[in-house]
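Read through the structure below, which is laid out as structure tokens, and then see the notes.
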Amino acid sequence: MKIENARAQMRKGVLELCVLSIISKEEAYPSDIIKKLKEAKLIVVEGTLYPLLNRLKNAELLHYNWRESTSGPPRKYYYLTEEGQEFLGGLKETWKELTQAVNLSTKKQKV
Amino acid sequence: MNKIFNINLGGYPFTIDDDAYQHLNWYLDTIKSHFSDSEGCEEIVGDIEVRMAELFTEQMNGQKILTRKDLDEVIKIMGSPQDFGAAAESSEEFIDEPVKKKRKSKTRIKTGRKLFRDNEDKVIGGVCSGISAYFGIQDPVWVRLIVAVLFFSGGVAIIPYIVLWIAIPAARTSGDRLSMRGEPVNVESIGKMIEDEMHSFSETVSEFGREFGSKKKRITPYSDLQEEPYRKGFLF
């Protein structure tokens, strides 16, 4: 069991939650999502995002609009569907429970 | 000297040199075959192309021709298919290692060895090193010895050598090199190869920089000529 693997798994676990909540704030262009995820050090390589977006889109949690761009071809802007909103709500709930659970169990270990 | 191509990458036009073009093609093909099972494979590859094009545009900064160096940097940012493959199926993380390995081997595209000439390890035409790779002989010196003995004992080997030299293709792409050595061309091995290449790249970066400097000067006037038919000459 390598620490790097464990870390990567933890990060990947919350990636969907983070991507969905970034998109829930406003319609988002993948490169902007990448920028935010990189600031938060959630992804290491950019290629990770595209299969994820595709999967969320196929699951009907996301849709996208085409928008004209000033500096190139039209861009895809992703937004949450109603299902996506619900899904995000569920994930946030779980996240709260998880943080509580983690806080609780790590505190106990210290004592 | 290097050939150049005009390409359309995700809707952006680029001029790219031959070496970088071959490698880009291979990189995109690898991604394609990696996602060939998943729904929306074309779309994923398309999105990745667009993102790569954006990164190139940021990086080029007035520079006219994309080189292998630029490509390697962008591939480093995008990651190898192996890296983002793990995210393609989130459930895969929770599968035990042995099961995962078994499953990964299914993504194998080609198996078995192919006969190539090894241009990177050659004395005359790379025929001997290619043959040793084909038969799994660690050191091509043994094959070379036999051939050399046949050369000098009446020249029996000279004509067959020349025929083989002509008939066997040289290993040009990374995929060729893998199939030459009989390593399966799958996502893992290619990922490993990218890492190796990244590593050797950083070692030779200063040398390459010098070489590139002189190349660029020679190519620039040619690219000015090329700019006019930019939009006609798209390769994909």
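Note on naming: chains are A, B, ... as they come in the structure tokens, residues start from 1 per chain, ligands start from 1 in the order shown.
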
Contact table chain B vs chain A, cut-off 6 Å, shortest pair per residue, only C-alpha atoms, as CSV:
```
residue,atom,partner,partner_atom,distance
B:Gly11,CA,A:Pro73,CA,5.8
B:Ile44,CA,A:Tyr50,CA,5.8
B:Ile77,CA,A:Val45,CA,5.5
B:Met78,CA,A:Glu46,CA,4.5
B:Gly79,CA,A:Val45,CA,4.9
B:Phe84,CA,A:Thr48,CA,4.3
B:Ala88,CA,A:Pro51,CA,5.3
```

Restrict the selected residues to N, CA and C atoms and save them as an mmCIF file, in the first residue's frame.
```
data_model
loop_
_atom_site.group_PDB
_atom_site.id
_atom_site.type_symbol
_atom_site.label_atom_id
_atom_site.label_comp_id
_atom_site.auth_asym_id
_atom_site.auth_seq_id
_atom_site.Cartn_x
_atom_site.Cartn_y
_atom_site.Cartn_z
ATOM 1 N N GLY B 11 -9.735 22.712 -34.003
ATOM 2 C CA GLY B 11 -10.215 23.960 -34.602
ATOM 3 C C GLY B 11 -9.182 25.071 -34.641
ATOM 4 N N ILE B 44 -14.407 12.799 -25.995
ATOM 5 C CA ILE B 44 -13.305 12.962 -25.044
ATOM 6 C C ILE B 44 -12.041 13.372 -25.792
ATOM 7 N N ILE B 77 1.575 18.108 -19.062
ATOM 8 C CA ILE B 77 0.441 18.761 -18.397
ATOM 9 C C ILE B 77 -0.815 17.893 -18.513
ATOM 10 N N MET B 78 -1.044 17.342 -19.715
ATOM 11 C CA MET B 78 -2.255 16.542 -19.927
ATOM 12 C C MET B 78 -2.159 15.192 -19.221
ATOM 13 N N GLY B 79 -0.974 14.654 -19.155
ATOM 14 C CA GLY B 79 -0.787 13.357 -18.505
ATOM 15 C C GLY B 79 -0.885 12.216 -19.504
ATOM 16 N N PHE B 84 -5.070 9.253 -16.598
ATOM 17 C CA PHE B 84 -6.484 9.593 -16.517
ATOM 18 C C PHE B 84 -7.392 8.413 -16.794
ATOM 19 N N ALA B 88 -11.354 7.261 -15.430
ATOM 20 C CA ALA B 88 -12.437 6.956 -16.357
ATOM 21 C C ALA B 88 -13.434 5.998 -15.733
#
```

Point to revise | DSSP strand (DSSP E or B) selection over chain A, as a VMD selection string | key: chain A and resid 28 62 to 69 72 to 80

What would the file look like if the residues just selected were written as a tab-separated table (two decimals), in the first residue's frame with N, CA and C atoms?
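Full text of out_9.tsv as output:
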```tsv
chain	number	residue	atom	x	y	z
A	28	ALA	N	-19.76	26.53	-16.85
A	28	ALA	CA	-18.31	26.55	-16.83
A	28	ALA	C	-17.70	25.91	-18.06
A	62	LEU	N	-24.99	16.40	-16.24
A	62	LEU	CA	-24.51	17.64	-16.87
A	62	LEU	C	-25.04	17.73	-18.29
A	63	HIS	N	-25.18	18.96	-18.75
A	63	HIS	CA	-25.38	19.20	-20.17
A	63	HIS	C	-24.47	20.35	-20.55
A	64	TYR	N	-24.35	20.59	-21.85
A	64	TYR	CA	-23.58	21.79	-22.20
A	64	TYR	C	-24.22	22.57	-23.32
A	65	ASN	N	-23.88	23.87	-23.34
A	65	ASN	CA	-24.26	24.77	-24.44
A	65	ASN	C	-23.01	25.14	-25.21
A	66	TRP	N	-23.18	25.39	-26.49
A	66	TRP	CA	-22.05	25.93	-27.26
A	66	TRP	C	-22.12	27.45	-27.17
A	67	ARG	N	-20.96	28.05	-26.91
A	67	ARG	CA	-20.91	29.51	-26.93
A	67	ARG	C	-19.77	29.96	-27.82
A	68	GLU	N	-20.03	31.07	-28.54
A	68	GLU	CA	-18.97	31.62	-29.39
A	68	GLU	C	-17.82	32.12	-28.53
A	69	SER	N	-16.62	32.02	-29.09
A	69	SER	CA	-15.46	32.51	-28.34
A	69	SER	C	-14.75	33.55	-29.18
A	72	GLY	N	-11.10	31.73	-30.76
A	72	GLY	CA	-11.00	30.37	-31.29
A	72	GLY	C	-12.36	29.81	-31.62
A	73	PRO	N	-12.43	28.50	-31.77
A	73	PRO	CA	-13.72	27.88	-32.11
A	73	PRO	C	-14.70	27.97	-30.94
A	74	PRO	N	-16.00	27.73	-31.20
A	74	PRO	CA	-16.99	27.78	-30.11
A	74	PRO	C	-16.62	26.83	-28.98
A	75	ARG	N	-17.03	27.22	-27.77
A	75	ARG	CA	-16.64	26.42	-26.60
A	75	ARG	C	-17.85	25.79	-25.95
A	76	LYS	N	-17.59	24.66	-25.29
A	76	LYS	CA	-18.64	23.99	-24.54
A	76	LYS	C	-18.70	24.60	-23.14
A	77	TYR	N	-19.91	25.03	-22.76
A	77	TYR	CA	-20.09	25.48	-21.38
A	77	TYR	C	-21.03	24.51	-20.68
A	78	TYR	N	-20.55	23.91	-19.62
A	78	TYR	CA	-21.33	22.89	-18.92
A	78	TYR	C	-22.23	23.51	-17.86
A	79	TYR	N	-23.42	22.93	-17.70
A	79	TYR	CA	-24.29	23.32	-16.59
A	79	TYR	C	-24.95	22.08	-15.99
A	80	LEU	N	-25.45	22.25	-14.76
A	80	LEU	CA	-26.05	21.11	-14.07
A	80	LEU	C	-27.50	20.92	-14.50
```

Practice item. Identify which of the residues B:Arg172, B:Arg51, B:Arg144, B:Arg181 lies closest to Ile33 (chain A), counting only C-alpha atoms when measuring atom-to-atom distances. Key: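 Nearest candidate to Ile33 (chain A) out of B:Arg172, B:Arg51, B:Arg144, B:Arg181: B:Arg51.
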